[in-house]
file work-v9.txt (compact mmCIF, C-alpha atoms and all ligand atoms)
# COMPACT_ATOMS: atom_id res chain seq x y z
CA MET A 9 19.01 101.18 165.18
CA THR A 10 16.46 98.74 163.76
CA SER A 11 13.94 99.78 161.17
CA SER A 12 11.04 99.16 163.52
CA ARG A 13 12.72 101.33 166.11
CA THR A 14 13.30 103.98 163.49
CA ARG A 15 9.68 103.86 162.55
CA ALA A 16 8.62 104.02 166.17
CA LEU A 17 10.59 107.21 166.51
CA VAL A 18 9.01 108.59 163.38
CA VAL A 19 5.62 107.76 164.81
CA LEU A 20 6.52 109.55 168.00
CA LEU A 21 7.64 112.57 166.08
CA ALA A 22 4.46 112.53 164.04
CA SER A 23 2.38 112.49 167.18
CA VAL A 24 3.66 115.81 168.42
CA GLY A 25 0.84 118.14 169.21
CA LEU A 26 -1.94 115.62 169.14
CA VAL A 27 -2.01 112.67 171.53
CA ALA A 28 -4.30 112.09 174.63
CA CYS A 29 -4.38 110.26 178.09
CA ALA A 30 -6.41 109.53 181.29
CA GLY A 31 -6.21 109.18 185.16
CA ASP A 32 -8.86 108.64 187.83
CA ALA A 33 -9.41 105.07 188.92
CA GLU A 34 -12.99 105.48 190.11
CA ALA A 35 -14.47 107.65 187.41
CA PRO A 36 -14.62 105.07 184.59
CA ARG A 37 -16.22 102.51 186.87
CA ALA A 38 -18.87 104.96 187.97
CA ALA A 39 -19.53 106.13 184.44
CA LEU A 40 -19.97 102.59 183.22
CA LYS A 41 -22.72 101.88 185.74
CA GLU A 42 -25.30 103.57 183.52
CA ASP A 43 -25.63 100.74 181.04
CA ALA A 44 -25.18 97.01 181.54
CA PRO A 45 -23.57 95.14 184.44
CA LEU A 46 -19.82 95.42 184.69
CA LEU A 47 -18.11 92.14 183.89
CA THR A 48 -14.74 91.27 185.29
CA ALA A 49 -11.90 88.97 184.37
CA GLY A 50 -8.78 88.34 186.33
CA PRO A 51 -6.54 89.37 187.72
CA VAL A 52 -4.27 87.51 185.35
CA VAL A 53 -0.49 87.47 185.26
CA PHE A 54 1.79 88.55 182.43
CA GLY A 55 3.75 85.40 181.56
CA ALA A 56 7.43 84.96 180.85
CA ASP A 57 6.78 86.03 177.24
CA GLY A 58 5.30 89.28 178.51
CA LEU A 59 1.75 88.27 177.51
CA THR A 60 -1.41 87.66 179.51
CA PRO A 61 -3.41 84.51 178.82
CA PRO A 62 -6.30 84.98 176.36
CA LEU A 63 -9.31 86.76 177.86
CA SER A 64 -12.62 86.15 176.14
CA ILE A 65 -15.38 88.71 175.81
CA PRO A 66 -18.55 86.71 175.06
CA PRO A 67 -21.16 87.85 172.53
CA PHE A 68 -23.28 90.72 173.83
CA ALA A 69 -26.25 92.81 172.83
CA GLY A 70 -24.92 96.16 171.74
CA ALA A 71 -22.63 97.87 169.28
CA SER A 72 -19.52 98.74 171.24
CA VAL A 73 -17.70 97.66 174.35
CA ALA A 74 -15.48 99.50 176.82
CA LEU A 75 -12.59 97.50 178.24
CA TRP A 76 -11.07 98.87 181.41
CA ALA A 77 -7.63 97.33 181.91
CA THR A 78 -5.77 97.94 185.15
CA ALA A 79 -2.16 96.89 185.73
CA GLU A 80 0.19 98.06 188.47
CA PRO A 81 2.10 101.32 189.04
CA GLY A 82 4.97 101.72 186.62
CA VAL A 83 3.69 99.04 184.23
CA CYS A 84 3.11 99.88 180.56
CA PHE A 85 1.20 97.52 178.31
CA SER A 86 -0.67 97.35 175.05
CA LEU A 87 -3.24 95.23 173.29
CA ALA A 88 -1.15 92.36 171.91
CA SER A 89 -3.84 90.20 170.34
CA LEU A 90 -7.44 90.66 169.23
CA VAL A 91 -9.16 87.70 167.56
CA ASP A 92 -12.86 87.73 166.70
CA PHE A 93 -15.23 84.77 167.00
CA GLN A 94 -14.56 83.78 163.38
CA GLY A 95 -10.85 83.51 164.11
CA ARG A 96 -9.90 86.69 162.26
CA ARG A 97 -6.87 88.37 163.79
CA TRP A 98 -7.30 92.14 164.08
CA VAL A 99 -4.26 92.59 166.30
CA ASP A 100 -1.52 89.97 166.31
CA ARG A 101 1.49 91.56 167.98
CA ARG A 102 2.74 94.39 170.11
CA GLU A 103 4.08 97.16 167.94
CA ALA A 104 6.63 99.72 169.11
CA GLY A 105 5.38 103.27 169.53
CA PRO A 106 2.54 105.10 171.26
CA TYR A 107 -0.12 103.25 169.24
CA CYS A 108 -0.39 100.37 166.82
CA LEU A 109 -0.03 101.43 163.19
CA ASP A 110 -0.45 98.07 161.46
CA CYS A 111 -3.30 96.70 163.55
CA GLY A 112 -6.76 96.22 162.05
CA VAL A 113 -8.15 97.79 165.21
CA ARG A 114 -5.95 100.66 166.38
CA THR A 115 -5.38 101.20 170.10
CA SER A 116 -2.82 103.10 172.15
CA LEU A 117 -0.22 102.07 174.67
CA ALA A 118 -1.45 102.10 178.26
CA GLN A 119 0.36 103.16 181.39
CA GLU A 120 -0.91 101.52 184.60
CA GLU A 121 -4.53 101.58 183.45
CA ALA A 122 -6.57 102.55 180.42
CA LEU A 123 -9.93 102.43 178.73
CA PHE A 124 -10.05 100.63 175.38
CA VAL A 125 -13.31 101.48 173.62
CA LEU A 126 -13.92 99.07 170.74
CA SER A 127 -16.74 100.41 168.59
CA GLY A 128 -16.41 98.13 165.58
CA GLY A 129 -16.35 99.20 161.97
CA GLY A 130 -14.21 98.12 159.03
CA GLY A 131 -15.54 94.56 159.36
CA PHE A 132 -14.86 94.10 163.07
CA ALA A 133 -18.06 93.40 164.99
CA PRO A 134 -17.27 93.32 168.70
CA HIS A 135 -20.79 92.20 169.68
CA GLU A 136 -20.10 88.77 168.15
CA GLY A 137 -17.50 88.19 170.88
CA PHE A 138 -13.73 88.18 170.75
CA THR A 139 -10.58 87.26 172.62
CA VAL A 140 -7.85 89.66 173.72
CA ARG A 141 -4.37 89.35 175.16
CA PHE A 142 -2.36 92.20 176.60
CA GLY A 143 1.43 92.46 176.53
CA LEU A 144 4.04 94.33 178.52
CA MET A 145 5.76 97.33 176.99
CA ALA A 146 8.86 99.18 178.17
CA CYS A 147 7.67 102.61 179.36
CA GLU A 148 11.06 104.18 178.55
CA THR A 149 11.29 103.05 174.93
CA LEU A 150 7.69 102.11 174.02
CA THR A 151 8.90 98.72 172.78
CA PRO A 152 7.66 95.20 173.63
CA SER A 153 9.01 93.83 176.87
CA SER A 154 9.04 90.45 178.61
CA ARG A 155 9.82 91.16 182.19
CA GLY A 156 8.70 87.77 183.40
CA ALA A 157 5.70 86.78 185.42
CA ALA A 158 5.52 89.55 188.01
CA PRO A 159 2.87 92.13 187.12
CA ARG A 160 -0.83 91.40 187.08
CA LEU A 161 -3.66 92.79 185.00
CA ARG A 162 -7.33 93.07 185.77
CA LEU A 163 -9.90 93.53 183.02
CA GLU A 164 -13.44 94.80 183.27
CA TRP A 165 -15.77 95.38 180.39
CA ARG A 166 -19.21 96.75 179.69
CA PRO A 167 -21.16 96.57 176.43
CA ARG A 168 -23.02 99.60 175.12
CA PRO A 169 -26.07 99.65 172.85
CA GLU A 170 -26.08 101.38 169.49
CA ALA A 171 -27.85 104.72 169.48
CA PRO A 172 -27.83 106.07 165.94
CA THR A 173 -30.59 108.61 166.52
CA MET A 174 -29.20 109.91 169.76
CA ARG A 175 -26.92 112.77 170.57
CA GLY A 176 -24.22 112.75 173.17
CA LEU A 177 -23.46 115.00 176.09
CA LEU A 178 -20.04 115.33 177.69
CA ARG A 179 -19.28 117.10 180.95
CA LEU A 180 -16.14 119.20 181.24
CA ARG A 181 -14.36 120.76 184.18
CA PHE A 182 -12.06 123.69 183.48
CA LEU A 183 -8.86 123.89 185.54
CA VAL A 184 -7.55 127.39 184.85
CA SER A 185 -4.07 128.55 185.74
CA ARG A 186 -3.15 132.22 186.09
CA HIS A 187 -1.12 131.85 182.89
CA SER A 188 -4.31 131.53 180.84
CA LEU A 189 -6.34 134.44 179.47
CA LEU A 190 -9.36 132.57 180.85
CA PHE A 191 -8.18 133.01 184.46
CA ARG A 192 -10.94 134.67 186.49
CA GLN A 193 -12.74 135.49 183.24
CA PRO A 194 -16.09 133.65 183.41
CA GLY A 195 -17.34 135.53 180.36
CA ARG A 196 -14.43 134.30 178.25
CA GLN A 197 -14.92 130.78 179.57
CA ARG A 198 -18.59 130.86 178.55
CA GLU A 199 -17.65 132.17 175.12
CA LEU A 200 -15.14 129.36 174.64
CA LEU A 201 -17.76 126.83 175.69
CA GLU A 202 -20.27 128.24 173.20
CA ARG A 203 -17.78 128.11 170.35
CA LEU A 204 -16.73 124.63 171.39
CA ASN A 205 -20.35 123.53 171.13
CA ASP A 206 -20.47 125.06 167.66
CA GLU A 207 -17.45 122.97 166.65
CA LEU A 208 -18.87 119.74 168.10
CA ALA A 209 -22.45 120.10 166.85
CA GLU A 210 -21.79 118.23 163.59
CA ALA A 211 -20.45 115.30 165.62
CA GLY A 212 -23.72 115.10 167.55
CA LEU A 213 -21.93 116.04 170.72
CA GLY A 214 -22.65 118.80 173.20
CA VAL A 215 -20.53 119.85 176.15
CA THR A 216 -21.48 121.40 179.48
CA LEU A 217 -19.31 122.96 182.13
CA ALA A 218 -19.66 121.07 185.41
CA ALA A 219 -17.20 123.27 187.28
CA SER A 220 -14.41 125.78 186.83
CA VAL A 221 -11.48 125.61 189.22
CA GLU A 222 -8.64 128.08 189.65
CA LEU A 223 -5.04 126.84 189.72
CA PRO A 224 -3.29 130.04 190.85
CA ASP A 225 -0.03 128.36 191.77
CA ALA A 226 0.42 126.21 188.66
CA ALA A 227 3.93 126.15 187.21
CA PRO A 228 4.45 128.38 184.14
CA GLU A 229 5.85 125.48 182.10
CA ALA A 230 5.24 121.74 181.87
CA ARG A 231 7.39 119.26 179.96
CA PHE A 232 6.07 115.85 179.08
CA TRP A 233 6.25 112.89 176.76
CA VAL A 234 4.11 109.83 176.01
CA THR A 235 4.94 108.08 179.29
CA GLU A 236 6.58 111.00 181.15
CA LEU A 237 3.50 112.72 182.45
CA SER A 238 4.44 113.70 186.02
CA GLU A 239 4.45 117.46 185.34
CA LEU A 240 0.99 117.23 183.79
CA SER A 241 -0.26 115.04 186.64
CA ALA A 242 1.04 117.69 189.05
CA LEU A 243 -1.18 120.30 187.39
CA VAL A 244 -4.28 118.13 187.73
CA ALA A 245 -3.36 117.25 191.32
CA ARG A 246 -3.74 120.93 192.28
CA ALA A 247 -7.50 120.63 191.75
CA PRO A 248 -10.06 118.86 193.95
CA PRO A 249 -10.59 115.17 193.10
CA ALA A 250 -11.87 114.42 189.61
CA LEU A 251 -15.62 114.34 189.03
CA ASP A 252 -17.21 111.16 187.71
CA ALA A 253 -17.27 110.91 183.94
CA THR A 254 -16.06 114.48 183.52
CA VAL A 255 -13.15 115.53 181.30
CA ASP A 256 -10.71 117.89 182.97
CA VAL A 257 -9.47 120.60 180.61
CA VAL A 258 -6.34 122.19 182.01
CA PHE A 259 -5.50 125.70 180.80
CA ALA A 260 -1.83 125.66 181.67
CA GLY A 261 1.24 127.78 180.90
CA CYS A 262 3.77 126.84 178.24
CA LEU A 263 3.46 123.19 177.19
CA ARG A 264 6.52 121.46 175.77
CA TYR A 265 6.54 118.02 174.23
CA ASP A 266 9.99 116.75 175.23
CA ASP A 267 10.84 113.65 173.21
CA PRO A 268 13.88 111.91 174.72
CA PHE A 269 14.88 110.56 171.30
CA PHE A 270 14.29 113.65 169.20
CA GLY A 271 15.20 117.11 170.45
CA PRO A 272 14.71 119.88 171.05
CA PRO A 273 11.40 120.12 172.96
CA VAL A 274 8.58 121.64 170.93
CA SER A 275 5.60 123.70 172.05
CA VAL A 276 2.15 122.29 171.30
CA GLU A 277 -1.26 123.78 170.48
CA GLY A 278 -2.90 121.26 172.78
CA PHE A 279 -2.14 117.86 174.25
CA THR A 280 -4.08 114.77 175.27
CA PRO A 281 -1.78 112.18 176.85
CA ARG A 282 -3.48 109.09 175.42
CA VAL A 283 -5.85 108.58 172.50
CA GLY A 284 -8.73 107.09 174.43
CA GLY A 285 -8.88 108.95 177.74
CA GLY A 286 -10.69 108.07 180.93
CA ALA A 287 -8.07 106.17 182.95
CA GLY A 288 -4.36 106.32 183.62
CA PRO A 289 -1.98 109.14 184.56
CA ALA A 290 -2.79 112.75 183.65
CA SER A 291 -6.18 111.79 182.21
CA ALA A 292 -7.17 115.21 180.94
CA VAL A 293 -6.84 117.61 178.02
CA PHE A 294 -4.15 120.28 178.24
CA MET A 295 -4.21 123.67 176.52
CA PRO A 296 -1.30 126.15 176.63
CA GLY A 297 -1.72 129.64 178.04
CA LEU A 298 1.81 130.90 177.46
CA ARG A 299 3.95 130.89 174.35
CA CYS A 300 7.11 128.89 174.94
CA ASP A 301 9.12 131.02 172.55
CA GLY A 302 8.10 134.47 173.72
CA PHE A 303 10.14 137.02 175.61
CA GLY A 304 9.04 137.17 179.24
CA ALA A 305 6.42 134.43 178.75
CA ASP A 306 3.93 136.09 176.43
CA PRO A 307 0.37 134.75 176.55
CA THR A 308 -0.84 132.69 173.61
CA ASN A 309 -2.89 134.95 171.40
CA ALA A 310 -4.94 132.55 169.29
CA PRO A 311 -8.44 133.80 168.45
CA MET A 312 -11.21 132.24 170.55
CA GLU A 313 -12.53 130.38 167.51
CA THR A 314 -9.14 128.75 166.94
CA SER A 315 -8.82 127.78 170.59
CA ALA A 316 -12.27 126.20 170.43
CA ARG A 317 -11.33 124.18 167.35
CA VAL A 318 -8.08 122.94 168.92
CA LEU A 319 -9.94 122.00 172.10
CA ALA A 320 -12.59 120.14 170.05
CA HIS A 321 -9.76 118.27 168.32
CA GLU A 322 -8.21 117.32 171.67
CA LEU A 323 -11.58 116.09 172.94
CA GLY A 324 -11.69 113.98 169.78
CA HIS A 325 -8.44 112.33 170.92
CA PHE A 326 -9.81 111.87 174.44
CA LEU A 327 -12.87 110.13 172.99
CA GLY A 328 -10.75 107.79 170.88
CA LEU A 329 -10.01 109.50 167.55
CA TYR A 330 -6.62 109.43 165.86
CA HIS A 331 -5.45 111.98 163.32
CA SER A 332 -7.36 111.58 160.07
CA VAL A 333 -3.98 111.62 158.28
CA GLU A 334 -0.78 111.79 160.30
CA THR A 335 2.00 114.15 159.27
CA ASP A 336 3.86 111.17 157.77
CA GLY A 337 0.84 110.31 155.61
CA THR A 338 -0.52 107.47 157.74
CA PRO A 339 -4.33 107.53 157.57
CA ASP A 340 -6.66 106.57 160.39
CA LEU A 341 -8.70 103.37 160.00
CA LEU A 342 -11.97 105.17 159.28
CA ASP A 343 -13.17 105.07 155.68
CA ASP A 344 -14.88 108.45 155.63
CA THR A 345 -12.15 110.83 156.78
CA GLY A 346 -9.45 112.75 154.95
CA GLU A 347 -7.10 115.67 155.32
CA GLN A 348 -9.92 118.20 155.40
CA ASN A 349 -11.08 117.16 158.83
CA ILE A 350 -10.85 118.59 162.32
CA MET A 351 -8.65 115.62 163.25
CA ASN A 352 -6.01 116.91 160.84
CA PRO A 353 -2.70 117.07 162.77
CA HIS A 354 -2.87 120.87 162.50
CA PRO A 355 -6.34 121.71 163.80
CA SER A 356 -5.74 125.45 163.80
CA ARG A 357 -5.42 125.55 160.00
CA ALA A 358 -8.38 126.83 158.06
CA GLY A 359 -9.08 123.59 156.17
CA ALA A 360 -9.18 121.44 159.29
CA ARG A 361 -12.94 121.37 159.74
CA GLY A 362 -15.77 118.94 160.18
CA TRP A 363 -16.43 115.45 161.50
CA SER A 364 -17.39 112.24 159.70
CA PRO A 365 -20.18 109.78 160.66
CA SER A 366 -17.57 107.22 161.74
CA GLN A 367 -15.90 109.75 163.98
CA ARG A 368 -19.28 110.58 165.50
CA ARG A 369 -19.96 106.90 166.18
CA GLN A 370 -16.55 106.44 167.81
CA MET A 371 -16.90 109.48 170.05
CA LEU A 372 -20.44 108.63 171.16
CA SER A 373 -19.24 105.13 172.11
CA HIS A 374 -17.02 106.48 174.86
CA PRO A 375 -18.58 105.56 178.22
CA TRP A 376 -18.23 109.10 179.55
CA VAL A 377 -20.58 110.42 176.86
CA SER A 378 -24.14 110.31 178.12
CA ARG A 379 -26.87 110.06 175.53
CA VAL A 380 -29.78 112.40 175.08
CA SER A 381 -32.71 112.26 172.72
CA ASP A 382 -32.15 114.03 169.45
CA PRO A 383 -34.49 117.02 169.24
CA GLU A 384 -34.96 116.25 165.55
ZN ZN A 401 -4.03 115.97 167.50

call {"tool": "encode", "arguments": {"input": "work-v9.txt", "output": "structure tokens", "more": "lines below"}}
Ligand SMILES: [Zn+2]
result
Amino acid sequence: MTSSRTRALVVLLASVGLVACAGDAEAPRAALKEDAPLLTAGPVVFGADGLTPPLSIPPFAGASVALWATAEPGVCFSLASLVDFQGRRWVDRREAGPYCLDCGVRTSLAQEEALFVLSGGGGFAPHEGFTVRFGLMACETLTPSSRGAAPRLRLEWRPRPEAPTMRGLLRLRFLVSRHSLLFRQPGRQRELLERLNDELAEAGLGVTLAASVELPDAAPEARFWVTELSELSALVARAPPALDATVDVVFAGCLRYDDPFFGPPVSVEGFTPRVGGGAGPASAVFMPGLRCDGFGADPTNAPMETSARVLAHELGHFLGLYHSVETDGTPDLLDDTGEQNIMNPHPSRAGARGWSPSQRRQMLSHPWVSRVSDPE
């Protein structure tokens, strides 16, 4: 086993209980219509080295840009190169694992399609223009792949203006299985939403409930991994089609992260399939309703306040935030976060509180967050 492979496995292990992903092909496009015109490149073909040709994003007026990359079913890929207009290389290779640890701009592996929201910071200024290349990854091992010139990739992008004095609003849809204590309990659902808003207030983000859907026939257990999301997709598929620019929050049964390289499966407090949600399979946030270790499938019994904090943390992943400090000590790339932050890998712990200004900026850059005037 190579050292990079070993580290990839460590990264995977460290990501237990945190990650996030996305799934409806139309929603991101619709959400992006609010701002500037949608610009398109491609489709381009992954070459024999597994890389696309360079794709240039010209200078734009704004602070951040959302890249919507669409490949084909069964194709995994990652950002392989990111070079700014001054020639500085922020990403220069595909790194094994669910996201790039050594990159100057951190992004996650994509499966079939994904949103990459580049909000700048740390010296990277996307509005000055940049060039990207994407590269194939093996979905089974999360390692770079060069499968030849078959699959294609299409890229769309939309710039977004800076809005430092604005607040953000995010729409949620609850998908509630009978395994959750929220099932047919509108009062509890409202209470969770209120406490969730309390948790998110410091980040300048409010959430509203667009709809609540019952999933009475949902399976009592779902097993999943970074690129093995079929059981989670099956839960979402029990609901009516996704709403535009609305995050589905699935209150499921027992949730087990089942790493094929490290056993045994472990239960999670919450799960978001890809950091940076909004496109790709199982694009939603998942919360457990049953303990995996209980006799006769006991319900989870976390206090409402703890559930709200874990859900806020998962929404942080969906909107592009990594753990402030991973369990192996790896910090995020933001200069104003630390262990005492809600993006701590253990959000239910008492010290895991609060958001930083950089986290706020990142979250409000996500194209699904609509902006409202700050009452202050
Ligand atoms: Zn997490």

call {"tool": "residues_around", "arguments": {"input": "work-v9.txt", "residues": "Arg299 (chain A)", "least_positions_apart": "4", "cutoff": "12 Å", "atoms": "all atoms listed in the file", "output": "list in words"}}
result
His187, Ser188, Pro228, Glu229, Ala230, Ala260, Gly261, Cys262, Leu263, Arg264, Val274, Ser275, Val276, Glu277, Gly278, Met295, Phe303, Gly304, Ala305, Asp306, Pro307, Thr308, Asn309 and Ala310 of chain A

call {"tool": "residues_around", "arguments": {"input": "work-v9.txt", "residues": "Ala158 (chain A)", "least_positions_apart": "2", "cutoff": "9 Å", "atoms": "only C-alpha atoms", "output": "PyMOL selection string"}}
result
chain A and resi 53-56+155-156+160

call {"tool": "axis_aligned_box", "arguments": {"input": "work-v9.txt", "around": "region 174-178 of chain A", "padding_each_side": "5 Å", "output": "AutoDock Vina command-line options"}}
result
--center_x -24.6 --center_y 112.6 --center_z 173.7 --size_x 19.2 --size_y 15.4 --size_z 17.9

call {"tool": "residues_near_ligand", "arguments": {"input": "work-v9.txt", "ligand": "ligand ZN 401 (chain A)", "cutoff": "12 Å", "atoms": "all atoms listed in the file", "output": "NGL selection string"}}
result
:A and (22-28 or 276-283 or 293-295 or 317-335 or 349-356 or 360)

call {"tool": "residues_around", "arguments": {"input": "work-v9.txt", "residues": "Leu240 (chain A)", "least_positions_apart": "2", "cutoff": "8 Å", "atoms": "only C-alpha atoms", "output": "list in words"}}
result
Ala230, Arg231, Phe232, Leu237, Ser238, Ala242, Leu243, Val244 and Ala290 of chain A

call {"tool": "closest_residue", "arguments": {"input": "work-v9.txt", "among": "A:Glu199, A:Asp225, A:Thr60, A:Val91", "to": "Pro159 (chain A)", "atoms": "all atoms listed in the file"}}
result
A:Thr60

call {"tool": "closest_residue", "arguments": {"input": "work-v9.txt", "among": "A:Asp252, A:Asp206, A:Asp100, A:Asp267", "to": "Leu150 (chain A)", "atoms": "all atoms listed in the file"}}
result
A:Asp267

call {"tool": "closest_residue", "arguments": {"input": "work-v9.txt", "among": "A:Cys147, A:Ala226, A:Leu177, A:Val221", "to": "Gln193 (chain A)", "atoms": "all atoms listed in the file"}}
result
A:Val221

call {"tool": "closest_residue", "arguments": {"input": "work-v9.txt", "among": "A:Leu117, A:Ala253, A:Ala77, A:Leu90", "to": "Pro375 (chain A)", "atoms": "all atoms listed in the file"}}
result
A:Ala253

call {"tool": "atom_distance", "arguments": {"input": "work-v9.txt", "atom1": "CA of Ser364 (chain A)", "atom2": "CA of Asp344 (chain A)"}}
result
6.1 Å

call {"tool": "residues_around", "arguments": {"input": "work-v9.txt", "residues": "Ser89 (chain A)", "least_positions_apart": "2", "cutoff": "9 Å", "atoms": "all atoms listed in the file", "output": "PyMOL selection string"}}
result
chain A and resi 62+87+91+97-102+139-143

call {"tool": "atom_distance", "arguments": {"input": "work-v9.txt", "atom1": "CA of Thr235 (chain A)", "atom2": "CA of Ala74 (chain A)"}}
result
22.3 Å

call {"tool": "atom_distance", "arguments": {"input": "work-v9.txt", "atom1": "CA of Leu126 (chain A)", "atom2": "CA of Gln370 (chain A)"}}
result
8.4 Å

call {"tool": "residues_around", "arguments": {"input": "work-v9.txt", "residues": "Val380 (chain A)", "least_positions_apart": "5", "cutoff": "8 Å", "atoms": "only C-alpha atoms", "output": "CSV table (one decimal) with C-alpha atoms, in the coordinates of the input"}}
result
chain,number,residue,atom,x,y,z
A,174,MET,CA,-29.2,109.9,169.8
A,175,ARG,CA,-26.9,112.8,170.6
A,176,GLY,CA,-24.2,112.8,173.2
A,177,LEU,CA,-23.5,115.0,176.1

call {"tool": "closest_residue", "arguments": {"input": "work-v9.txt", "among": "A:Tyr107, A:Phe68, A:Trp165, A:Phe132", "to": "Thr151 (chain A)", "atoms": "only C-alpha atoms"}}
result
A:Tyr107

call {"tool": "residues_near_point", "arguments": {"input": "work-v9.txt", "point": "(8.1, 110.9, 175.2)", "cutoff": "8 Å", "atoms": "only C-alpha atoms", "output": "PyMOL selection string"}}
result
chain A and resi 20+232-236+265-269

call {"tool": "closest_residue", "arguments": {"input": "work-v9.txt", "among": "A:Ala245, A:Gly137, A:Val215, A:Ala49", "to": "Gly95 (chain A)", "atoms": "all atoms listed in the file"}}
result
A:Gly137
